[in-house]
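What follows is work-v8.cif (mmCIF, C-alpha atoms).
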```cif
data_run
loop_
_atom_site.label_atom_id
_atom_site.label_comp_id
_atom_site.auth_asym_id
_atom_site.auth_seq_id
_atom_site.Cartn_x
_atom_site.Cartn_y
_atom_site.Cartn_z
CA MET Z 761 -58.03 -7.74 48.10
CA ILE Z 762 -61.72 -7.45 48.95
CA LYS Z 763 -61.94 -4.58 46.46
CA ARG Z 764 -60.56 -6.76 43.70
CA LEU Z 765 -63.07 -9.42 44.54
CA PHE Z 766 -65.88 -6.90 44.22
CA ILE Z 767 -64.58 -5.67 40.90
CA PHE Z 768 -64.38 -9.24 39.68
CA LEU Z 769 -67.94 -9.85 40.87
CA VAL Z 770 -69.25 -6.72 39.12
CA LEU Z 771 -67.59 -7.78 35.87
CA ILE Z 772 -68.96 -11.31 36.14
CA MET Z 773 -72.45 -10.01 36.83
CA THR Z 774 -72.32 -7.60 33.89
CA ALA Z 775 -71.12 -10.44 31.71
CA VAL Z 776 -74.02 -12.60 32.89
CA ILE Z 777 -76.52 -9.85 32.12
CA PHE Z 778 -75.20 -9.46 28.61
CA LEU Z 779 -74.58 -13.18 28.10
CA ASP Z 780 -78.31 -13.69 27.84
CA LEU Z 781 -78.43 -11.14 25.04
CA ALA Z 782 -75.47 -12.70 23.27
CA VAL Z 783 -76.57 -16.33 23.57
CA ASN Z 784 -80.18 -15.76 22.59
CA TYR Z 785 -79.28 -13.34 19.83
CA ARG Z 786 -80.92 -14.09 16.52
CA GLU Z 787 -80.48 -11.87 13.55
CA ASN Z 788 -83.66 -10.06 12.62
CA VAL Z 789 -85.13 -11.30 9.39
CA SER Z 790 -87.45 -8.32 9.01
CA LEU Z 791 -87.66 -4.78 10.32
CA SER Z 792 -89.40 -3.89 13.53
CA PRO Z 793 -92.86 -2.35 12.95
CA LEU Z 794 -91.54 1.15 13.63
CA GLY Z 795 -88.52 0.67 11.39
CA TYR Z 796 -90.79 -0.79 8.72
CA TYR Z 797 -93.01 2.28 8.81
CA TYR Z 798 -90.02 4.62 8.56
CA ALA Z 799 -88.51 2.67 5.68
CA ASP Z 800 -91.80 2.20 3.90
CA ALA Z 801 -93.44 5.61 4.27
CA GLY Z 802 -90.40 7.77 4.96
CA PRO Z 803 -89.18 8.38 1.41
CA GLY Z 804 -92.62 9.38 0.16
CA GLU Z 805 -93.57 11.34 3.23
CA LEU Z 806 -90.40 13.37 3.82
CA GLY Z 807 -88.50 13.04 0.55
CA ALA Z 808 -85.20 12.18 2.22
CA ALA Z 809 -83.13 9.50 0.53
CA ASN Z 810 -81.14 8.80 3.67
CA LEU Z 811 -83.62 7.20 6.04
CA VAL Z 812 -81.41 7.68 9.07
CA THR Z 813 -81.47 11.40 8.36
CA ALA Z 814 -85.25 11.33 8.07
CA VAL Z 815 -85.45 9.67 11.49
CA VAL Z 816 -82.85 11.91 13.11
CA VAL Z 817 -84.01 15.25 11.75
CA THR Z 818 -87.75 14.88 11.40
CA TYR Z 819 -89.36 11.83 12.99
CA ARG Z 820 -87.13 12.15 16.05
CA GLY Z 821 -86.34 15.82 15.56
CA LEU Z 822 -87.10 16.74 19.14
CA ASP Z 823 -84.48 14.25 20.35
CA THR Z 824 -81.96 15.87 18.04
CA LEU Z 825 -82.80 19.30 19.41
CA GLY Z 826 -82.17 17.85 22.87
CA GLU Z 827 -78.91 16.34 21.62
CA VAL Z 828 -77.76 19.71 20.27
CA THR Z 829 -78.67 21.20 23.64
CA VAL Z 830 -76.63 18.58 25.49
CA LEU Z 831 -73.67 19.30 23.25
CA PHE Z 832 -74.10 23.01 23.86
CA ILE Z 833 -74.24 22.51 27.62
CA SER Z 834 -71.13 20.35 27.57
CA ALA Z 835 -69.29 22.96 25.49
CA ALA Z 836 -70.40 25.59 28.00
CA GLY Z 837 -69.22 23.33 30.82
CA VAL Z 838 -65.81 22.95 29.21
CA GLY Z 839 -65.67 26.71 28.80
CA LEU Z 840 -66.55 27.21 32.45
CA LEU Z 841 -64.03 24.67 33.72
CA LEU Z 842 -61.19 25.85 31.54
CA ARG Z 843 -61.85 29.56 31.64
CA ARG Z 844 -58.85 31.77 31.76
CA GLU Z 845 -58.26 33.50 35.05
CA ARG Z 846 -57.24 37.03 34.35
CA LYS Z 847 -55.97 37.75 37.84
CA SER Z 848 -53.12 35.27 37.66
CA GLY Z 849 -50.94 35.01 34.60
CA SER Z 850 -49.22 37.73 32.68
CA GLY Z 851 -52.12 40.19 32.88
CA ASP Z 852 -52.88 40.92 29.23
CA GLY Z 853 -56.10 39.38 28.04
CA ASP Z 854 -55.01 38.01 24.70
CA GLY Z 855 -52.54 35.49 26.05
CA GLY Z 856 -49.12 37.00 26.60
CA ASP Z 857 -46.40 36.74 24.02
CA ALA Z 858 -44.13 35.32 26.68
CA VAL Z 859 -46.45 32.33 26.99
CA MET Z 860 -46.89 31.91 23.26
CA SER Z 861 -43.23 32.01 22.40
CA ARG Z 862 -42.62 28.84 24.38
CA HIS Z 863 -44.06 26.91 21.47
CA ARG Z 864 -41.59 25.39 19.12
CA PRO Z 865 -42.76 26.46 15.66
CA SER Z 866 -44.02 23.58 13.57
CA SER Z 867 -41.98 22.50 10.59
CA GLU Z 868 -42.47 24.05 7.21
CA ILE Z 869 -43.91 20.82 5.83
CA VAL Z 870 -46.68 20.80 8.42
CA GLU Z 871 -47.44 24.48 7.90
CA THR Z 872 -47.56 24.22 4.12
CA ALA Z 873 -49.65 21.07 4.26
CA THR Z 874 -52.10 22.83 6.56
CA GLU Z 875 -52.42 25.81 4.25
CA LEU Z 876 -53.02 23.45 1.37
CA LEU Z 877 -55.37 21.04 3.08
CA LEU Z 878 -57.36 23.21 5.45
CA PRO Z 879 -59.68 24.68 2.79
CA MET Z 880 -60.31 21.20 1.45
CA VAL Z 881 -61.06 19.79 4.90
CA ILE Z 882 -63.56 22.57 5.55
CA LEU Z 883 -65.07 22.21 2.09
CA PHE Z 884 -65.46 18.48 2.68
CA GLY Z 885 -67.18 19.18 5.99
CA ILE Z 886 -69.61 21.51 4.25
CA TYR Z 887 -70.19 18.91 1.54
CA VAL Z 888 -70.96 16.26 4.15
CA PHE Z 889 -73.58 18.31 5.95
CA LEU Z 890 -75.14 19.68 2.75
CA ASN Z 891 -75.64 16.14 1.45
CA GLY Z 892 -76.85 14.71 4.73
CA HIS Z 893 -80.25 13.85 3.28
CA LEU Z 894 -78.78 12.02 0.28
CA SER Z 895 -75.67 10.21 1.40
CA PRO Z 896 -74.08 8.97 4.61
CA GLY Z 897 -73.26 11.97 6.72
CA GLY Z 898 -75.10 14.92 8.12
CA GLY Z 899 -74.81 17.88 10.39
CA PHE Z 900 -72.97 16.22 13.24
CA GLN Z 901 -70.49 14.44 11.00
CA GLY Z 902 -69.88 17.53 8.88
CA GLY Z 903 -69.47 19.63 12.00
CA ALA Z 904 -66.94 17.15 13.38
CA ILE Z 905 -64.97 17.32 10.11
CA ILE Z 906 -64.90 21.12 10.30
CA ALA Z 907 -63.73 20.90 13.90
CA SER Z 908 -61.00 18.47 12.84
CA GLY Z 909 -59.90 21.18 10.40
CA THR Z 910 -59.65 23.54 13.37
CA MET Z 911 -57.64 20.91 15.22
CA PHE Z 912 -55.32 20.73 12.23
CA LEU Z 913 -54.90 24.50 12.28
CA LEU Z 914 -54.19 24.54 16.01
CA LEU Z 915 -51.62 21.79 15.69
CA ALA Z 916 -49.77 23.40 12.81
CA LEU Z 917 -50.05 27.05 13.81
CA PRO Z 918 -50.55 27.11 17.58
CA GLU Z 919 -50.38 30.88 17.64
CA SER Z 920 -53.31 31.36 15.29
CA HIS Z 921 -56.11 33.30 16.86
CA ILE Z 922 -59.67 32.07 16.71
CA SER Z 923 -62.23 34.76 17.30
CA ARG Z 924 -64.36 33.84 20.28
CA LEU Z 925 -66.93 36.46 19.30
CA LEU Z 926 -67.38 35.08 15.78
CA ILE Z 927 -67.78 31.58 17.18
CA SER Z 928 -70.44 32.60 19.67
CA ILE Z 929 -72.34 34.68 17.10
CA ILE Z 930 -72.48 31.89 14.52
CA GLU Z 931 -73.29 29.31 17.16
CA SER Z 932 -76.14 31.31 18.67
CA LEU Z 933 -77.58 32.25 15.28
CA SER Z 934 -77.59 28.67 14.04
CA GLY Z 935 -79.10 27.37 17.27
CA PHE Z 936 -81.75 30.07 17.03
CA GLY Z 937 -82.37 29.27 13.35
CA TYR Z 938 -82.88 25.61 14.20
CA VAL Z 939 -85.58 26.42 16.74
CA VAL Z 940 -87.20 28.94 14.36
CA VAL Z 941 -87.43 26.26 11.65
CA GLY Z 942 -88.98 23.95 14.25
CA VAL Z 943 -91.59 26.54 15.24
CA LEU Z 944 -92.33 27.29 11.57
CA GLY Z 945 -93.12 23.59 11.27
CA VAL Z 946 -95.87 24.03 13.87
CA MET Z 947 -97.34 27.00 12.03
CA LEU Z 948 -97.02 25.91 8.40
CA ALA Z 949 -96.97 22.11 8.49
CA GLY Z 950 -97.83 19.15 10.67
CA GLY Z 951 -95.91 19.85 13.86
CA PHE Z 952 -92.71 20.89 15.56
CA LEU Z 953 -89.69 20.37 13.27
CA ASP Z 954 -91.85 19.12 10.41
CA ASN Z 955 -89.68 19.40 7.30
CA ARG Z 956 -92.55 20.01 4.89
CA ILE Z 957 -92.52 23.76 5.36
CA MET Z 958 -90.60 23.94 2.07
CA SER Z 959 -91.44 22.00 -1.06
CA LEU Z 960 -90.10 18.46 -1.06
CA GLY Z 961 -88.49 18.95 -4.46
CA THR Z 962 -87.28 16.16 -6.72
CA PHE Z 963 -86.47 13.06 -4.73
CA GLY Z 964 -82.72 12.56 -4.57
CA SER Z 965 -81.62 16.04 -5.69
CA LEU Z 966 -79.64 18.47 -3.56
CA PHE Z 967 -82.56 20.83 -2.99
CA SER Z 968 -85.07 18.30 -1.78
CA ALA Z 969 -86.47 16.88 1.44
CA GLY Z 970 -87.98 20.19 2.52
CA ALA Z 971 -86.28 21.78 5.49
CA ILE Z 972 -83.86 18.89 6.21
CA PRO Z 973 -80.86 20.46 4.39
CA LEU Z 974 -81.60 23.77 6.12
CA ILE Z 975 -81.69 22.12 9.55
CA TYR Z 976 -78.52 20.20 8.79
CA ILE Z 977 -76.75 23.40 7.74
CA PHE Z 978 -77.69 24.92 11.09
CA ILE Z 979 -76.62 21.79 12.99
CA GLY Z 980 -73.40 21.49 11.01
CA LEU Z 981 -72.41 25.10 11.66
CA LYS Z 982 -73.37 24.88 15.30
CA VAL Z 983 -71.54 21.62 15.97
CA GLY Z 984 -68.50 22.66 13.96
CA PHE Z 985 -68.06 25.97 15.75
CA GLU Z 986 -68.93 24.52 19.13
CA LEU Z 987 -66.32 21.80 18.87
CA SER Z 988 -63.80 24.33 17.55
CA ALA Z 989 -64.45 26.43 20.64
CA VAL Z 990 -63.91 23.35 22.85
CA LEU Z 991 -60.60 22.59 21.10
CA ASP Z 992 -59.58 26.21 21.45
CA ARG Z 993 -60.32 26.07 25.18
CA PHE Z 994 -58.08 23.05 25.61
CA ARG Z 995 -55.36 24.77 23.58
CA GLU Z 996 -55.44 27.88 25.73
CA ASP Z 997 -55.35 25.81 28.82
CA THR Z 998 -52.18 24.00 27.86
CA ASP Z 999 -50.64 27.41 27.25
CA ARG Z 1000 -51.39 28.51 30.75
CA SER Z 1001 -50.22 25.57 32.84
CA MET F 560 -70.85 -23.44 7.37
CA THR F 561 -70.01 -19.99 6.14
CA GLY F 562 -68.63 -18.73 9.40
CA LEU F 563 -70.15 -16.36 11.90
CA PRO F 564 -72.61 -13.75 10.68
CA ILE F 565 -71.32 -10.20 10.79
CA SER F 566 -73.87 -9.08 13.38
CA VAL F 567 -72.73 -11.78 15.83
CA ILE F 568 -69.13 -10.63 15.42
CA THR F 569 -69.99 -6.97 16.07
CA LEU F 570 -72.29 -7.91 18.95
CA SER F 571 -69.64 -9.98 20.73
CA THR F 572 -66.94 -7.38 20.05
CA GLY F 573 -69.26 -4.78 21.54
CA LEU F 574 -69.85 -6.92 24.62
CA GLY F 575 -66.11 -7.45 24.99
CA LEU F 576 -65.51 -3.71 24.75
CA ILE F 577 -68.17 -3.07 27.40
CA LEU F 578 -66.42 -5.47 29.80
CA ILE F 579 -62.95 -4.08 29.08
CA GLY F 580 -64.22 -0.53 29.54
CA LEU F 581 -65.94 -1.38 32.81
CA TRP F 582 -62.81 -3.12 34.04
CA GLY F 583 -60.77 -0.04 33.16
CA LEU F 584 -63.22 2.26 34.95
CA LEU F 585 -63.10 0.15 38.09
CA THR F 586 -59.43 -0.72 38.36
CA GLN F 587 -57.49 2.19 36.93
CA ARG F 588 -56.42 5.02 39.22
CA ASN F 589 -55.24 7.44 36.56
CA ILE F 590 -58.11 9.69 35.53
CA ILE F 591 -57.14 9.71 31.85
CA ARG F 592 -57.18 5.91 31.82
CA MET F 593 -60.60 5.93 33.43
CA ILE F 594 -61.81 8.24 30.67
CA VAL F 595 -60.39 5.85 28.09
CA GLY F 596 -62.28 3.07 29.85
CA PHE F 597 -65.46 5.09 29.66
CA SER F 598 -64.98 5.67 25.94
CA LEU F 599 -64.49 1.94 25.39
CA LEU F 600 -67.67 1.20 27.34
CA ASP F 601 -69.49 3.79 25.26
CA THR F 602 -68.24 2.38 21.97
CA GLY F 603 -69.14 -1.13 23.05
CA ILE F 604 -72.72 -0.09 23.77
CA HIS F 605 -72.95 1.60 20.36
CA MET F 606 -71.75 -1.55 18.63
CA VAL F 607 -74.28 -3.68 20.50
CA MET F 608 -77.09 -1.28 19.56
CA VAL F 609 -76.16 -1.24 15.90
CA SER F 610 -75.91 -5.03 15.73
CA ILE F 611 -79.35 -5.39 17.30
CA GLY F 612 -80.75 -3.29 14.46
CA TYR F 613 -79.17 -5.45 11.79
CA VAL F 614 -81.47 -7.32 9.46
CA THR F 615 -80.17 -10.38 7.63
CA GLY F 616 -78.87 -9.35 4.23
CA GLY F 617 -79.86 -5.75 4.85
CA THR F 618 -78.02 -2.80 3.41
CA ALA F 619 -77.58 0.81 4.55
CA PRO F 620 -80.93 2.60 4.83
CA ILE F 621 -80.27 4.98 1.97
CA ILE F 622 -82.50 5.05 -1.08
CA ASP F 623 -80.58 5.17 -4.36
CA ALA F 624 -80.36 3.37 -7.69
CA THR F 625 -79.64 -0.01 -6.09
CA VAL F 626 -82.26 0.29 -3.35
CA PRO F 627 -85.39 1.79 -4.93
CA ALA F 628 -87.97 3.26 -2.60
CA ALA F 629 -90.49 0.54 -3.38
CA GLN F 630 -88.21 -2.22 -2.06
CA ALA F 631 -86.73 -0.17 0.76
CA ALA F 632 -88.66 -1.76 3.59
CA ALA F 633 -87.55 -5.23 2.54
CA ARG F 634 -83.90 -4.54 1.95
CA VAL F 635 -82.54 -2.10 4.51
CA VAL F 636 -81.44 -2.46 8.11
CA ASP F 637 -83.45 -0.81 10.87
CA PRO F 638 -82.84 2.96 10.70
CA VAL F 639 -84.00 3.59 14.28
CA PRO F 640 -81.02 2.07 16.17
CA SER F 641 -78.65 3.81 13.74
CA ALA F 642 -80.30 7.15 14.49
CA LEU F 643 -80.17 6.48 18.23
CA VAL F 644 -76.48 5.56 18.03
CA LEU F 645 -75.81 8.77 16.10
CA THR F 646 -77.35 10.66 19.01
CA ALA F 647 -75.44 8.58 21.54
CA ILE F 648 -72.08 9.17 19.85
CA VAL F 649 -72.54 12.93 19.95
CA ILE F 650 -73.58 12.89 23.60
CA GLY F 651 -70.67 10.58 24.44
CA LEU F 652 -68.35 13.11 22.81
CA GLY F 653 -69.81 15.92 24.91
CA VAL F 654 -69.47 13.89 28.11
CA THR F 655 -65.88 12.95 27.27
CA ALA F 656 -65.00 16.60 26.64
CA VAL F 657 -66.38 17.60 30.04
CA MET F 658 -64.55 14.72 31.75
CA LEU F 659 -61.27 15.71 30.10
CA SER F 660 -61.66 19.31 31.20
CA PHE F 661 -62.28 18.09 34.75
CA ALA F 662 -59.08 16.06 34.44
CA VAL F 663 -57.18 19.17 33.31
CA ARG F 664 -58.61 21.11 36.22
CA ILE F 665 -57.74 18.40 38.75
CA HIS F 666 -54.24 18.23 37.39
CA GLN F 667 -53.88 21.98 37.78
CA THR F 668 -54.99 22.07 41.38
CA LYS F 669 -53.46 18.82 42.64
CA LYS F 670 -50.55 18.32 40.22
CA THR F 671 -51.53 14.69 39.88
CA LEU F 672 -54.01 12.60 37.93
CA ASP F 673 -54.38 9.94 40.61
CA ILE F 674 -58.02 9.51 41.62
CA GLU F 675 -56.95 8.47 45.12
CA GLU F 676 -55.78 12.02 45.74
CA CYS F 677 -59.30 13.35 45.28
CA THR F 678 -60.44 12.69 48.81
CA GLU F 679 -62.86 15.59 49.23
CA SER F 680 -65.90 13.77 47.90
CA ARG F 681 -65.07 10.47 49.50
CA TRP F 682 -67.34 8.87 52.03
#
```
Rewritten as structure tokens:
Amino acid sequence: MIKRLFIFLVLIMTAVIFLDLAVNYRENVSLSPLGYYYADAGPGELGAANLVTAVVVTYRGLDTLGEVTVLFISAAGVGLLLRRERKSGSGDGDGGDAVMSRHRPSSEIVETATELLLPMVILFGIYVFLNGHLSPGGGFQGGAIIASGTMFLLLALPESHISRLLISIIESLSGFGYVVVGVLGVMLAGGFLDNRIMSLGTFGSLFSAGAIPLIYIFIGLKVGFELSAVLDRFREDTDRS
Amino acid sequence: MTGLPISVITLSTGLGLILIGLWGLLTQRNIIRMIVGFSLLDTGIHMVMVSIGYVTGGTAPIIDATVPAAQAAARVVDPVPSALVLTAIVIGLGVTAVMLSFAVRIHQTKKTLDIEECTESRW
């Protein structure tokens, strides 16, 4: 009973804290000075049509590097928590056939649809992260779409094998490439992760905005493969228990 | 009277989600439900952040034919909260994945998802 009272109190207090925000909320009529600078100078300075991308990848690029690191650490944490214990279980490393055959095969409709749609899903993911500087989207979104393609594959064909080695190679290389582009920014342009190491190109075309598409390709690959690895970990784990 | 502005609707929905999520975190005993509560709390905070960045009549901060670069600063919403929320969503995803794998692990060792069974770290 006393616990419920406390919970009620906590909720009321949180509501009071936020009530002030809600009651005194007035819509902004103009941008904040920082937002104004980004919106005003951003297109000319960085050549990115999508201002959010300009903020995420260049103005706040260091935060994004930290964000990618957090995602990497959480993927590593999932891998650590759900790692396969070789001592117990059937003994063979690749997941015994006895375990795998417990799966009911998915219906032909699901399998055919996957074969048909999977390339398109992955292509769409690549499109989204290649056009991150022009349209809504970007590396994280594109990576998530690619990972959803992996999810699709795992749902339809649970026995399909995803190469752990390939995933870790691509992931490490793209993470490394991201940092290399950042360091090149220090040497060739204004600072860490400056996108003006390549020519800004024609505003609004695919090959524009300097290094932003390059960075988003790295982020997209990294996020996509990282999330695929996480999904694969969860899949293996349901096999075991 | 043209009704509530869109930012007020998203702001109050966000606040509601924060309260529902917090309630779920505090009252539920099933770990999966607590994780759902956390995700609701997370989403609520994102909605509040995005609505704070809204500018009356503003459009998405993307320069194209309808929003030329010269008028950008006058016509777009604040790109900074959007960028921060993008970061926050990704980190929330990472945290949720780790929480879920903890839940899987706890279920393997204890054969239950009840948080009351996890008495080792209780004080």
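Note on the selection: in this file the PyMOL selection byres ((chain F and resi 619) around 7) comes out as Gly617, Thr618, Pro620, Ile621, Val635 and Val636 of chain F.
Take the candidates F:Thr668, F:Arg592, F:Ser566, F:Gly603 and check each one against chain Z using only C-alpha atoms; the shortest distance goes to F:Ser566.
Under the PyMOL selection byres ((chain F) within 6 of (chain Z)), the matching residues in the shown file are Val614, Thr615, Pro620, Ile621, Ile622, Ala631, Ala632, Asp637, Pro638, Ala642, Gly653, Val657 and Ser660 of chain F.
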Around segment 939-943 of chain Z, fit a box with edges along x, y and z, padding it by 8 Å on each side, then list its centre and edge lengths in Å to one decimal as AutoDock Vina command-line options.
```
--center_x -88.6 --center_y 26.4 --center_z 14.2 --size_x 22.0 --size_y 21.0 --size_z 21.1
```
**Request:** On this file, the PyMOL selection byres ((chain F and resi 604) around 9) gives some set of residues; write that set as a VMD selection string.
**Result:** chain F and resid 573 to 574 576 to 577 599 to 603 605 to 609 644
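Across the structure, atom CA of Gly970 of chain Z and atom CA of Leu933 of chain Z are spaced 20.4 Å apart.
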